[in-house]
$ cat query_4.cif   # mmCIF, C-alpha atoms
data_upload
loop_
_atom_site.label_atom_id
_atom_site.label_comp_id
_atom_site.auth_asym_id
_atom_site.auth_seq_id
_atom_site.Cartn_x
_atom_site.Cartn_y
_atom_site.Cartn_z
CA MET A 775 -9.53 -63.28 62.69
CA ALA A 776 -10.16 -59.56 63.02
CA ALA A 777 -13.75 -60.22 64.11
CA ARG A 778 -12.54 -62.60 66.83
CA ALA A 779 -10.12 -59.91 68.02
CA ALA A 780 -12.92 -57.34 68.14
CA GLY A 781 -15.17 -59.78 70.02
CA LYS A 782 -12.43 -60.50 72.52
CA LEU A 783 -11.84 -56.77 73.05
CA TYR A 784 -15.59 -56.27 73.59
CA ARG A 785 -15.80 -59.10 76.17
CA ASN A 786 -12.77 -57.76 78.04
CA PHE A 787 -14.25 -54.28 78.02
CA MET A 788 -17.60 -55.48 79.41
CA ARG A 789 -15.85 -57.62 82.04
CA GLN A 790 -13.92 -54.58 83.24
CA ARG A 791 -17.16 -52.56 83.37
CA VAL A 792 -18.89 -55.24 85.46
CA ILE A 793 -15.95 -55.44 87.86
CA SER A 794 -15.68 -51.67 88.25
CA THR A 795 -19.48 -51.41 88.79
CA SER A 796 -19.36 -54.12 91.47
CA ILE A 797 -16.49 -52.42 93.26
CA GLY A 798 -18.28 -49.08 93.13
CA ALA A 799 -21.45 -50.64 94.52
CA SER A 800 -19.63 -52.28 97.43
CA ARG A 801 -18.02 -48.99 98.40
CA HIS A 802 -21.42 -47.29 98.70
CA CYS A 803 -23.46 -50.13 100.21
CA SER A 804 -23.40 -48.68 103.76
CA SER A 805 -24.78 -45.33 102.71
CA ALA A 806 -27.35 -46.89 100.39
CA ALA A 807 -29.31 -48.18 103.42
CA THR A 808 -30.05 -44.64 104.64
CA SER A 809 -30.38 -42.66 101.42
CA ALA A 810 -30.57 -43.27 97.68
CA PRO A 811 -27.27 -42.41 95.93
CA LYS A 812 -27.30 -39.36 93.71
CA ILE A 813 -26.43 -40.19 90.14
CA PRO A 814 -24.04 -37.52 88.94
CA HIS A 815 -24.91 -35.81 85.68
CA SER A 816 -21.54 -36.84 84.25
CA SER A 817 -22.50 -40.53 84.48
CA LYS A 818 -25.00 -39.99 81.66
CA LYS A 819 -22.15 -38.77 79.47
CA GLY A 820 -20.13 -41.79 80.60
CA ARG A 821 -22.91 -44.14 79.53
CA LEU A 822 -23.18 -42.41 76.17
CA LEU A 823 -19.40 -42.65 75.68
CA THR A 824 -19.43 -46.31 76.72
CA GLY A 825 -22.23 -47.07 74.30
CA ALA A 826 -20.50 -45.25 71.46
CA THR A 827 -17.20 -47.06 72.16
CA ILE A 828 -18.89 -50.48 72.20
CA GLY A 829 -20.72 -49.61 69.01
CA LEU A 830 -17.48 -48.63 67.26
CA ILE A 831 -15.77 -51.85 68.41
CA ILE A 832 -18.62 -54.02 67.15
CA ALA A 833 -18.98 -52.09 63.89
CA GLY A 834 -15.22 -52.09 63.31
CA GLY A 835 -14.98 -55.80 63.99
CA ALA A 836 -17.90 -56.54 61.68
CA TYR A 837 -16.36 -54.42 58.90
CA VAL A 838 -12.88 -55.85 59.25
CA SER A 839 -14.30 -59.38 59.17
CA THR A 840 -15.48 -58.73 55.62
CA VAL A 841 -11.99 -57.79 54.46
CA ASP A 842 -9.50 -60.47 53.41
CA GLU A 843 -6.33 -60.79 55.50
CA ALA A 844 -4.00 -59.62 52.73
CA THR A 845 -5.93 -56.35 52.23
CA PHE A 846 -6.09 -55.69 55.96
CA CYS A 847 -2.34 -56.38 56.27
CA GLY A 848 -1.66 -53.88 53.49
CA TRP A 849 -3.73 -51.26 55.31
CA LEU A 850 -1.77 -51.78 58.50
CA PHE A 851 1.56 -51.20 56.73
CA SER A 852 0.23 -48.13 54.93
CA ALA A 853 -1.12 -46.75 58.20
CA THR A 854 2.41 -46.62 59.65
CA LYS A 855 3.12 -43.70 57.29
CA LEU A 856 0.91 -41.59 59.55
CA VAL A 857 3.39 -42.07 62.40
CA ASN A 858 6.48 -40.94 60.45
CA PRO A 859 5.89 -37.19 60.98
CA PHE A 860 5.73 -37.80 64.74
CA PHE A 861 9.11 -39.55 64.73
CA ALA A 862 10.56 -36.70 62.66
CA LEU A 863 9.76 -34.28 65.50
CA LEU A 864 11.71 -36.33 68.04
CA ASP A 865 15.43 -36.24 68.72
CA ALA A 866 17.11 -38.74 66.40
CA GLU A 867 18.34 -41.02 69.20
CA VAL A 868 15.03 -40.89 71.06
CA ALA A 869 13.21 -41.80 67.84
CA HIS A 870 15.62 -44.69 67.28
CA LYS A 871 15.10 -46.09 70.79
CA LEU A 872 11.33 -45.74 70.45
CA ALA A 873 11.34 -47.56 67.10
CA VAL A 874 13.38 -50.46 68.51
CA SER A 875 11.10 -50.63 71.54
CA ALA A 876 8.00 -50.69 69.33
CA ALA A 877 9.38 -53.61 67.33
CA ALA A 878 10.45 -55.40 70.52
CA HIS A 879 6.95 -55.16 72.00
CA GLY A 880 5.15 -56.14 68.80
CA TRP A 881 3.69 -52.67 68.20
CA VAL A 882 4.50 -52.94 64.49
CA PRO A 883 2.58 -54.58 61.64
CA ARG A 884 3.25 -58.24 60.94
CA GLU A 885 3.51 -59.40 57.34
CA LYS A 886 0.95 -62.14 56.61
CA ARG A 887 1.22 -62.07 52.84
CA PRO A 888 3.64 -64.42 51.06
CA ASP A 889 6.56 -62.84 49.23
CA PRO A 890 6.56 -62.90 45.42
CA PRO A 891 8.03 -66.32 44.45
CA ILE A 892 10.50 -64.64 42.10
CA LEU A 893 12.27 -63.10 45.13
CA GLY A 894 13.05 -66.44 46.81
CA LEU A 895 16.65 -67.67 46.70
CA GLU A 896 19.08 -69.98 48.44
CA VAL A 897 22.39 -68.77 49.89
CA TRP A 898 24.74 -70.76 52.17
CA GLY A 899 22.26 -73.64 52.12
CA ARG A 900 19.49 -71.45 53.56
CA LYS A 901 16.33 -70.41 51.73
CA PHE A 902 15.59 -66.69 51.87
CA SER A 903 11.99 -65.69 51.12
CA ASN A 904 13.37 -62.42 49.76
CA PRO A 905 16.82 -60.79 49.47
CA ILE A 906 16.02 -57.57 51.39
CA GLY A 907 17.55 -57.37 54.85
CA LEU A 908 18.02 -54.92 57.69
CA SER A 909 21.65 -54.02 58.30
CA ALA A 910 23.47 -53.94 61.62
CA GLY A 911 23.19 -50.73 63.60
CA PHE A 912 19.42 -50.59 63.97
CA ASP A 913 18.98 -53.34 66.57
CA LYS A 914 22.41 -53.22 68.18
CA ASN A 915 21.50 -55.34 71.22
CA ALA A 916 19.13 -57.91 69.66
CA GLU A 917 16.07 -56.51 71.41
CA ALA A 918 13.60 -56.77 68.52
CA VAL A 919 14.57 -59.73 66.31
CA GLU A 920 11.12 -61.30 66.22
CA GLY A 921 9.30 -58.05 65.50
CA LEU A 922 11.73 -57.01 62.75
CA LEU A 923 11.65 -60.38 61.00
CA GLY A 924 7.86 -60.35 61.33
CA MET A 925 7.68 -57.14 59.29
CA GLY A 926 8.81 -59.04 56.22
CA PHE A 927 12.58 -58.64 56.01
CA GLY A 928 14.26 -61.63 54.40
CA PHE A 929 16.96 -61.38 57.06
CA VAL A 930 17.93 -59.18 59.99
CA GLU A 931 21.45 -58.46 61.23
CA VAL A 932 21.96 -57.41 64.86
CA GLY A 933 24.97 -55.65 66.39
CA SER A 934 27.69 -54.65 66.28
CA VAL A 935 28.21 -56.52 69.54
CA THR A 936 31.38 -56.01 71.59
CA PRO A 937 32.75 -58.45 74.21
CA VAL A 938 32.52 -55.92 77.06
CA PRO A 939 29.71 -53.36 77.42
CA GLN A 940 30.67 -49.88 76.27
CA GLU A 941 28.84 -46.60 75.79
CA GLY A 942 30.55 -45.66 72.56
CA ASN A 943 31.57 -42.12 71.69
CA PRO A 944 30.25 -39.00 73.47
CA LYS A 945 26.70 -37.98 72.51
CA PRO A 946 25.06 -36.82 70.34
CA HIS A 947 25.60 -39.87 68.15
CA ILE A 948 23.18 -39.31 65.27
CA PHE A 949 22.64 -36.35 62.93
CA ARG A 950 19.86 -36.21 60.36
CA LEU A 951 20.24 -34.78 56.87
CA ARG A 952 16.61 -35.23 55.94
CA GLN A 953 16.58 -33.37 52.61
CA GLU A 954 19.49 -35.51 51.39
CA GLY A 955 17.95 -38.73 52.75
CA ALA A 956 21.09 -39.28 54.82
CA ILE A 957 22.36 -39.75 58.36
CA ILE A 958 25.74 -39.13 59.97
CA ASN A 959 26.49 -41.32 62.97
CA CYS A 960 29.48 -41.42 65.29
CA CYS A 961 28.21 -44.09 67.69
CA GLY A 962 31.47 -46.00 68.12
CA PHE A 963 30.09 -49.50 68.81
CA ASN A 964 27.81 -48.61 71.72
CA SER A 965 26.87 -52.07 72.98
CA GLU A 966 25.45 -53.89 75.99
CA GLY A 967 28.09 -56.60 75.44
CA ILE A 968 28.00 -60.23 74.36
CA VAL A 969 26.70 -61.62 77.68
CA ALA A 970 23.52 -59.51 77.60
CA VAL A 971 23.01 -60.14 73.87
CA ALA A 972 23.62 -63.89 74.26
CA LYS A 973 21.01 -64.11 77.01
CA ARG A 974 18.51 -62.22 74.86
CA LEU A 975 19.21 -64.25 71.72
CA GLY A 976 19.01 -67.48 73.70
CA ALA A 977 15.54 -66.64 74.98
CA GLN A 978 14.34 -65.53 71.55
CA HIS A 979 15.91 -68.57 69.90
CA GLY A 980 14.02 -70.98 72.15
CA LYS A 981 10.75 -69.09 71.74
CA ARG A 982 10.98 -68.97 67.95
CA LYS A 983 11.82 -72.67 67.69
CA LEU A 984 8.90 -73.57 69.95
CA GLU A 985 6.45 -71.42 67.99
CA THR A 986 7.70 -72.82 64.68
CA SER A 987 7.38 -76.45 65.78
CA SER A 988 3.94 -75.96 67.34
CA SER A 989 2.39 -73.85 64.60
CA SER A 990 3.40 -75.88 61.57
CA SER A 991 3.57 -79.47 60.50
CA PRO A 992 6.93 -80.93 59.49
CA LEU A 993 8.03 -79.34 56.23
CA SER A 994 9.98 -80.93 53.47
CA GLU A 995 13.46 -79.57 52.83
CA GLU A 996 12.14 -78.12 49.59
CA ALA A 997 9.64 -75.95 51.46
CA LYS A 998 11.87 -74.93 54.36
CA HIS A 999 12.51 -71.22 54.61
CA GLY A 1000 14.51 -69.58 57.33
CA GLY A 1001 17.27 -70.10 59.82
CA LYS A 1002 18.08 -72.14 62.87
CA ALA A 1003 15.15 -70.92 64.94
CA GLY A 1004 12.46 -70.58 62.29
CA PRO A 1005 11.34 -68.27 59.46
CA GLY A 1006 13.74 -65.45 58.69
CA ILE A 1007 17.53 -65.43 58.71
CA LEU A 1008 19.45 -63.91 61.64
CA GLY A 1009 22.93 -62.43 61.24
CA VAL A 1010 25.16 -61.38 64.13
CA ASN A 1011 27.66 -58.57 63.55
CA LEU A 1012 30.74 -58.67 65.79
CA GLY A 1013 32.82 -55.67 66.85
CA LYS A 1014 35.84 -54.99 69.04
CA ASN A 1015 36.08 -52.90 72.18
CA LYS A 1016 37.59 -49.46 71.79
CA THR A 1017 40.28 -50.07 74.42
CA SER A 1018 41.11 -53.62 73.35
CA GLU A 1019 44.69 -54.28 72.25
CA ASP A 1020 43.93 -57.71 70.76
CA ALA A 1021 41.25 -57.34 68.10
CA ALA A 1022 41.35 -61.01 67.10
CA ALA A 1023 40.66 -62.09 70.69
CA ASP A 1024 37.57 -59.86 70.77
CA TYR A 1025 36.16 -61.36 67.58
CA VAL A 1026 36.99 -64.91 68.73
CA GLN A 1027 35.15 -64.28 71.98
CA GLY A 1028 32.15 -63.10 70.01
CA VAL A 1029 32.21 -66.25 67.88
CA HIS A 1030 32.41 -68.56 70.90
CA THR A 1031 29.51 -66.84 72.64
CA LEU A 1032 27.08 -65.89 69.87
CA SER A 1033 27.62 -68.16 66.87
CA GLN A 1034 25.23 -70.83 68.20
CA TYR A 1035 22.34 -68.40 67.61
CA ALA A 1036 23.54 -66.97 64.28
CA ASP A 1037 22.64 -68.05 60.77
CA TYR A 1038 25.69 -66.07 59.66
CA LEU A 1039 28.45 -64.06 61.37
CA VAL A 1040 30.03 -60.76 60.36
CA ILE A 1041 33.46 -59.40 61.27
CA ASN A 1042 33.02 -55.64 61.27
CA ILE A 1043 36.40 -54.04 60.59
CA SER A 1044 35.18 -50.99 58.70
CA SER A 1045 33.40 -48.65 61.10
CA PRO A 1046 35.04 -45.21 60.90
CA ASN A 1047 34.10 -44.46 64.53
CA THR A 1048 36.51 -46.83 66.32
CA PRO A 1049 40.16 -45.66 66.18
CA GLY A 1050 42.45 -48.02 64.27
CA LEU A 1051 39.69 -50.43 63.26
CA ARG A 1052 39.97 -49.87 59.50
CA MET A 1053 43.68 -50.79 59.63
CA LEU A 1054 42.51 -54.40 59.99
CA GLN A 1055 41.44 -54.28 56.32
CA GLY A 1056 45.11 -54.40 55.26
CA ARG A 1057 46.17 -57.64 53.58
CA LYS A 1058 48.35 -59.09 56.36
CA HIS A 1059 46.10 -57.97 59.23
CA LEU A 1060 42.99 -59.25 57.48
CA LYS A 1061 44.54 -62.61 56.62
CA ASP A 1062 45.68 -63.23 60.20
CA LEU A 1063 42.35 -62.10 61.64
CA VAL A 1064 40.18 -64.22 59.35
CA LYS A 1065 42.32 -67.31 59.98
CA LYS A 1066 41.96 -66.96 63.76
CA VAL A 1067 38.22 -66.35 63.62
CA GLN A 1068 37.65 -69.23 61.19
CA ALA A 1069 39.66 -71.54 63.46
CA ALA A 1070 37.62 -70.46 66.49
CA ARG A 1071 34.38 -71.17 64.66
CA ASP A 1072 35.49 -74.49 63.21
CA GLU A 1073 36.77 -75.87 66.53
CA MET A 1074 33.25 -75.71 67.96
CA GLN A 1075 30.89 -78.66 67.66
CA TRP A 1076 28.21 -78.28 65.01
CA GLY A 1077 25.27 -80.38 63.88
CA GLU A 1078 24.29 -81.40 60.38
CA GLU A 1079 23.88 -77.78 59.27
CA GLY A 1080 27.53 -77.07 60.02
CA PRO A 1081 29.03 -73.78 61.27
CA PRO A 1082 27.50 -70.41 60.38
CA PRO A 1083 28.98 -68.66 57.34
CA LEU A 1084 31.59 -66.01 58.11
CA LEU A 1085 31.51 -62.63 56.32
CA VAL A 1086 33.61 -59.47 56.50
CA LYS A 1087 32.13 -55.98 56.26
CA ILE A 1088 34.36 -53.52 54.41
CA SER A 1089 34.58 -49.76 53.92
CA PRO A 1090 33.60 -47.81 50.79
CA ASP A 1091 36.66 -45.59 51.25
CA LEU A 1092 39.21 -48.13 49.98
CA SER A 1093 41.74 -47.74 47.18
CA LYS A 1094 41.88 -50.14 44.24
CA GLU A 1095 44.97 -51.78 45.80
CA ASP A 1096 43.09 -52.28 49.07
CA LEU A 1097 40.20 -53.91 47.24
CA GLU A 1098 42.57 -56.23 45.37
CA ASP A 1099 44.17 -57.29 48.67
CA ILE A 1100 40.80 -57.99 50.30
CA ALA A 1101 39.60 -59.95 47.28
CA ALA A 1102 42.78 -62.04 47.29
CA VAL A 1103 42.40 -62.88 50.99
CA ALA A 1104 38.68 -63.62 50.61
CA VAL A 1105 39.25 -66.05 47.73
CA ALA A 1106 42.33 -67.70 49.24
CA LEU A 1107 40.71 -68.31 52.63
CA ARG A 1108 37.35 -69.21 51.12
CA LEU A 1109 35.53 -66.51 53.00
CA ASP A 1110 31.77 -67.08 52.88
CA GLY A 1111 30.90 -63.53 51.88
CA LEU A 1112 31.54 -59.80 52.00
CA ILE A 1113 29.25 -56.93 52.95
CA ILE A 1114 29.80 -53.86 50.78
CA SER A 1115 29.76 -51.43 52.35
CA ASN A 1116 29.86 -49.63 55.68
CA THR A 1117 29.42 -45.85 56.05
CA THR A 1118 31.78 -43.35 54.41
CA ILE A 1119 33.88 -40.57 55.88
CA SER A 1120 33.59 -38.66 52.58
CA ARG A 1121 30.90 -36.03 52.02
CA PRO A 1122 29.75 -36.29 48.38
CA ASP A 1123 27.33 -33.86 46.74
CA PRO A 1124 24.90 -32.58 47.86
CA VAL A 1125 25.78 -33.42 51.47
CA ASN A 1126 28.89 -31.23 51.51
CA LYS A 1127 26.68 -28.15 51.16
CA ASN A 1128 24.79 -28.97 54.36
CA PRO A 1129 26.30 -27.48 57.58
CA VAL A 1130 25.60 -30.76 59.37
CA SER A 1131 28.16 -32.44 57.10
CA ALA A 1132 30.90 -30.90 59.28
CA GLU A 1133 30.03 -33.40 62.02
CA SER A 1134 32.47 -36.29 62.34
CA GLY A 1135 31.31 -39.83 61.73
CA GLY A 1136 30.13 -42.14 58.99
CA LEU A 1137 27.65 -41.01 56.36
CA SER A 1138 24.85 -43.37 55.28
CA GLY A 1139 21.82 -43.00 53.03
CA LYS A 1140 21.18 -41.91 49.44
CA PRO A 1141 24.46 -39.99 48.90
CA LEU A 1142 26.37 -43.23 49.58
CA PHE A 1143 24.61 -45.21 46.85
CA ASN A 1144 26.91 -44.56 43.88
CA LEU A 1145 30.14 -44.91 45.85
CA SER A 1146 29.14 -48.17 47.52
CA THR A 1147 27.69 -49.61 44.29
CA ASN A 1148 30.93 -48.91 42.40
CA ILE A 1149 32.92 -50.68 45.13
CA LEU A 1150 30.44 -53.57 44.98
CA MET A 1151 30.86 -53.97 41.22
CA GLU A 1152 34.64 -53.78 41.52
CA MET A 1153 34.68 -56.51 44.19
CA TYR A 1154 32.36 -58.74 42.16
CA LEU A 1155 34.80 -58.55 39.25
CA LEU A 1156 37.85 -59.11 41.49
CA THR A 1157 36.32 -62.20 43.09
CA ARG A 1158 34.92 -63.34 39.72
CA GLY A 1159 31.50 -63.85 41.28
CA LYS A 1160 32.75 -66.73 43.43
CA ILE A 1161 31.79 -65.16 46.77
CA PRO A 1162 28.28 -64.04 47.77
CA LEU A 1163 28.19 -60.27 48.27
CA ILE A 1164 25.69 -58.27 50.30
CA GLY A 1165 25.08 -54.83 48.83
CA CYS A 1166 24.54 -52.12 51.41
CA GLY A 1167 24.59 -48.34 51.18
CA GLY A 1168 21.98 -45.85 49.98
CA ILE A 1169 19.20 -48.29 49.07
CA SER A 1170 15.79 -46.64 49.36
CA SER A 1171 13.63 -48.39 46.75
CA GLY A 1172 13.14 -51.67 44.93
CA GLU A 1173 14.86 -50.14 41.91
CA ASP A 1174 17.92 -49.35 44.06
CA ALA A 1175 17.98 -52.93 45.35
CA TYR A 1176 17.78 -54.17 41.75
CA LYS A 1177 20.74 -52.01 40.72
CA LYS A 1178 22.80 -53.47 43.58
CA ILE A 1179 21.90 -56.98 42.46
CA ARG A 1180 22.85 -56.24 38.85
CA ALA A 1181 26.15 -54.85 40.20
CA GLY A 1182 26.94 -58.16 41.89
CA ALA A 1183 24.96 -58.38 45.14
CA THR A 1184 23.20 -61.63 45.99
CA LEU A 1185 21.49 -60.00 48.97
CA VAL A 1186 20.91 -56.36 49.93
CA GLN A 1187 20.55 -54.41 53.16
CA LEU A 1188 19.08 -51.07 54.16
CA TYR A 1189 19.00 -48.93 57.27
CA THR A 1190 18.71 -45.18 56.68
CA ALA A 1191 15.75 -45.46 54.29
CA PHE A 1192 13.98 -47.69 56.82
CA ALA A 1193 14.65 -45.13 59.56
CA TYR A 1194 12.94 -42.47 57.46
CA GLY A 1195 10.28 -44.54 55.68
CA GLY A 1196 9.24 -47.00 58.38
CA PRO A 1197 7.62 -50.43 57.92
CA ALA A 1198 5.60 -49.39 54.85
CA LEU A 1199 8.83 -49.30 52.85
CA ILE A 1200 9.39 -53.07 53.10
CA PRO A 1201 6.42 -54.43 51.08
CA GLN A 1202 6.79 -51.51 48.67
CA MET A 1203 10.42 -52.43 47.95
CA LYS A 1204 9.63 -56.10 47.49
CA ALA A 1205 6.87 -55.34 44.98
CA GLU A 1206 9.13 -52.92 43.06
CA LEU A 1207 12.02 -55.42 42.98
CA ALA A 1208 9.76 -58.17 41.63
CA GLU A 1209 8.52 -55.79 38.92
CA CYS A 1210 12.10 -54.92 37.92
CA LEU A 1211 13.07 -58.58 37.55
CA GLU A 1212 9.99 -59.43 35.49
CA ARG A 1213 10.38 -56.30 33.36
CA ASP A 1214 13.88 -57.35 32.27
CA GLY A 1215 13.01 -60.99 31.75
CA PHE A 1216 14.74 -62.50 34.79
CA LYS A 1217 13.07 -65.49 36.40
CA SER A 1218 15.02 -65.33 39.66
CA ILE A 1219 17.37 -63.20 41.76
CA HIS A 1220 20.32 -65.44 40.90
CA GLU A 1221 19.84 -64.81 37.18
CA ALA A 1222 20.17 -61.05 37.73
CA VAL A 1223 23.23 -61.13 40.04
CA GLY A 1224 26.14 -59.38 38.31
CA ALA A 1225 24.19 -58.72 35.11
CA ASP A 1226 25.94 -55.37 34.65
CA CYS A 1227 29.38 -56.98 35.06
CA ARG A 1228 29.10 -59.51 32.25
#
$ encode --input "query_4.cif" --output "C-alpha cells"
Amino acid sequence: MAARAAGKLYRNFMRQRVISTSIGASRHCSSAATSAPKIPHSSKKGRLLTGATIGLIIAGGAYVSTVDEATFCGWLFSATKLVNPFFALLDAEVAHKLAVSAAAHGWVPREKRPDPPILGLEVWGRKFSNPIGLSAGFDKNAEAVEGLLGMGFGFVEVGSVTPVPQEGNPKPHIFRLRQEGAIINCCGFNSEGIVAVAKRLGAQHGKRKLETSSSSSPLSEEAKHGGKAGPGILGVNLGKNKTSEDAAADYVQGVHTLSQYADYLVINISSPNTPGLRMLQGRKHLKDLVKKVQAARDEMQWGEEGPPPLLVKISPDLSKEDLEDIAAVAVALRLDGLIISNTTISRPDPVNKNPVSAESGGLSGKPLFNLSTNILMEMYLLTRGKIPLIGCGGISSGEDAYKKIRAGATLVQLYTAFAYGGPALIPQMKAELAECLERDGFKSIHEAVGADCR
C-alpha cells in the first residue's frame, strides 16, 4: 500500500515536471529560432534537487513496502508526538482550531490495527470496539467526526450544540495549566447552531454509510461494530442558548433536528459557564425536562434500531442530596445513561497555587480525576448498577480509564489529556487498559465494571 502511494506520488511529480517543461519551452520558442537559450547555472542545482527528491521518494516507498501495515501505523501515531511542542507554542484557542481542522481534512493518522478483543463490549444494543471515547467540547460543530473516529476512538461525542448560533462568553475562552495537566475553559456553549451542524452531520452520515456499504461485504449481526452510519459510535451533546427562557424547548428542538444522526443523545445541564444551567439538575426541574425530551424523541418515527439512547451529563460539584435526587429520577424515568462528570468550579490542589486558577470557568484534566471518580462511584451505588455510566474527568492513561471502570463506568471519555498528548495517546491507552484487565484476571470490560463497589 505504501509502495503504491510512493509510486503514485512519483508519477504525479514527473507529470508536473513534464507539463512545466512544456510550458517553459512554448514561452521561449520564438526566441529559440534566433539564438540558443542560456541555461542558468541554478538549473543544474534544480536538476540535482529534483534527482535527490525522486531518489528519496523511490527509496522511501521501497523501504516502507517492506514494513507491515501495523508497524507503519504505529510509527505514524508515534510521529505525532513531534508536533506536540509546536502546538504548545500556539495560543490555546488557535491550537484547538488547528487540531480540529487537521482532523477534518484527514491530516491525522488513521488506525488500521484491530483493537484488543478484550476491550470490545456492547452497550445500548451497539457494539463498541473499545470503551475509550472523546468527550464533547473538542469538536463542537461536528467538523471532524470521520477523522476523529478514524484515529481509533471507540466513540466520539460532538457539541454542545445550541438551537441558535451563539459566540459564547467573551474571549479568551481557554487557559492552560500545563504543569498540572489541566485546562480552565469559560466557553459558554459557543456553537454554530443546530442547522449548520445538521447539514454537516447529514453529509458525513451519507458518506460514511456509502463507504461502509461499498468497502465491506454484508456482516453478520455478531460481527457488526459501530453506529448508524458505520464503524464508530457518534454521540450528540445538546445545549441551550444563553438567552433562552425555555430550556426544555431548546433541548426538544435539538432532538427533533439532530437525533436522526446520533447513536446516542446527551442533555448537557451541567456546564458552569451558562448562567442558571446547573439549576436544571434539581429533582423537579430534571424530572420535567427529561420527560419532555423523552416524549419528543419517542414521538418521532424510528426503524428497527429504535430511538437513540438519552443520557444526562451532570456536574462533579453536587451534594449527596443532589446525587440522590438525580439517581431517583434516572431510575424512575428509565434514563439510558449518565455522564459523570462535567468540569468543576472548584480548584483542588495543586491548581489553587497556580495564578491562572483565578480565571473563571470550569476546570478539567488531572486535578479533576479524584473528585469525578468519587461522584461516579457514588452514582453507581445509588443506581445499583442498573444504568450505564460514562466516566469522564481527568483520564490521561489506560490505568486511569481502568480505575473509572472499576468505579462503575461502562465507558470512559477524555479531552484534556488528548489536547496535550495528541493522537499517540489513543493506542497507548488502549494497550494499557487491556494490560490492566488481563493483569487482574478480567476477561471483559463488563466483568470489571463496578469492581470496587462490590
$ residues_near_point --input "query_4.cif" --point "(25.6, -64.6, 56.8)" --cutoff "7 Å" --atoms "only C-alpha atoms" --output "short mmCIF file (atom, residue, chain, number, x, y, z; two decimals) with C-alpha atoms, keeping the file's coordinate frame"
data_model
loop_
_atom_site.label_atom_id
_atom_site.label_comp_id
_atom_site.auth_asym_id
_atom_site.auth_seq_id
_atom_site.Cartn_x
_atom_site.Cartn_y
_atom_site.Cartn_z
CA GLY A 1009 22.93 -62.43 61.24
CA ASP A 1037 22.64 -68.05 60.77
CA TYR A 1038 25.69 -66.07 59.66
CA LEU A 1039 28.45 -64.06 61.37
CA VAL A 1040 30.03 -60.76 60.36
CA PRO A 1083 28.98 -68.66 57.34
CA LEU A 1084 31.59 -66.01 58.11
CA LEU A 1085 31.51 -62.63 56.32
#
$ resolve_selection --input "query_4.cif" --expression "the PyMOL selection byres ((chain A and resi 911) around 8)" --output "list in words"
Ser909, Ala910, Phe912, Asp913, Lys914, Val932, Gly933, Ser934 and Tyr1189 of chain A
$ closest_residue --input "query_4.cif" --among "A:Phe929, A:Trp1076, A:Trp881, A:Phe902" --to "Leu850 of chain A" --atoms "all atoms listed in the file"
A:Trp881
$ residues_around --input "query_4.cif" --residues "Ser965 of chain A" --least-positions-apart "4" --cutoff "10 Å" --atoms "all atoms listed in the file" --output "PyMOL selection string"
chain A and resi 914-915+933-942+961+970-971+1013+1015
$ residues_around --input "query_4.cif" --residues "segment 944-948 of chain A" --least-positions-apart "6" --cutoff "12 Å" --atoms "only C-alpha atoms" --output "list in words"
Asp865, Ala866, Glu867, Val868, Ala869, His870, Lys871, Gly911, Phe912, Ala956, Ile957, Ile958, Asn959, Cys960, Cys961, Gly962, Phe963, Asn964, Asn1047, Val1130, Ser1131, Glu1133, Ser1134, Gly1135, Gly1136, Leu1137, Ser1138, Thr1190 and Ala1193 of chain A
$ atom_distance --input "query_4.cif" --atom1 "atom CA of Phe1192 of chain A" --atom2 "atom CA of Glu931 of chain A"
13.8 Å
$ atom_distance --input "query_4.cif" --atom1 "atom CA of Gly921 of chain A" --atom2 "atom CA of Ser1089 of chain A"
29.0 Å
$ residues_near_point --input "query_4.cif" --point "(17.0, -64.2, 73.8)" --cutoff "12 Å" --atoms "only C-alpha atoms" --output "PyMOL selection string"
chain A and resi 878+915-920+968-983+1003+1032+1034-1036
$ closest_residue --input "query_4.cif" --among "A:Met1153, A:Ile1100, A:Cys1210, A:Ala1132" --to "Ile1114 of chain A" --atoms "all atoms listed in the file"
A:Met1153
$ closest_residue --input "query_4.cif" --among "A:Ser1170, A:Ser1093, A:Ser1218, A:Ser1018" --to "Gly1196 of chain A" --atoms "all atoms listed in the file"
A:Ser1170
$ atom_distance --input "query_4.cif" --atom1 "atom CA of Gln1027 of chain A" --atom2 "atom CA of Val1064 of chain A"
13.6 Å
$ resolve_selection --input "query_4.cif" --expression "the PyMOL selection byres ((chain A and resi 885) around 8)" --output "ChimeraX atom specification"
/A:847,883-884,886-887,924-926
$ closest_residue --input "query_4.cif" --among "A:Pro1201, A:Lys1014, A:Gly1077, A:Gln1187" --to "Pro1049 of chain A" --atoms "all atoms listed in the file"
A:Lys1014
$ closest_residue --input "query_4.cif" --among "A:Gly1168, A:Gly1001, A:Gly1056, A:Pro1197" --to "Ala1102 of chain A" --atoms "only C-alpha atoms"
A:Gly1056
$ resolve_selection --input "query_4.cif" --expression "the PyMOL selection byres ((chain A and resi 1086) around 8)" --output "ChimeraX atom specification"
/A:1040-1043,1084-1085,1087-1088,1111-1113
$ write_last_selection --input "query_4.cif" --atoms "C-alpha atoms" --output "tab-separated table (two decimals), in the frame of the given file"
chain	number	residue	atom	x	y	z
A	1040	VAL	CA	30.03	-60.76	60.36
A	1041	ILE	CA	33.46	-59.40	61.27
A	1042	ASN	CA	33.02	-55.64	61.27
A	1043	ILE	CA	36.40	-54.04	60.59
A	1084	LEU	CA	31.59	-66.01	58.11
A	1085	LEU	CA	31.51	-62.63	56.32
A	1087	LYS	CA	32.13	-55.98	56.26
A	1088	ILE	CA	34.36	-53.52	54.41
A	1111	GLY	CA	30.90	-63.53	51.88
A	1112	LEU	CA	31.54	-59.80	52.00
A	1113	ILE	CA	29.25	-56.93	52.95
$ residues_around --input "query_4.cif" --residues "Ala1175 of chain A" --least-positions-apart "2" --cutoff "9 Å" --atoms "only C-alpha atoms" --output "list in words"
Pro905, Ile906, Gly1165, Cys1166, Ile1169, Ser1170, Ser1171, Gly1172, Glu1173, Lys1177, Lys1178, Ile1179, Arg1180, Ala1183, Leu1185, Val1186, Gln1187, Met1203 and Leu1207 of chain A
$ closest_residue --input "query_4.cif" --among "A:Pro1162, A:Pro1046, A:Gly1080, A:Pro888" --to "Asn943 of chain A" --atoms "only C-alpha atoms"
A:Pro1046
$ axis_aligned_box --input "query_4.cif" --around "segment 1120-1137 of chain A" --padding-each-side "5 Å" --output "lines of an AutoDock Vina configuration file"
center_x = 29.2
center_y = -34.8
center_z = 54.5
size_x = 18.8
size_y = 24.7
size_z = 25.6
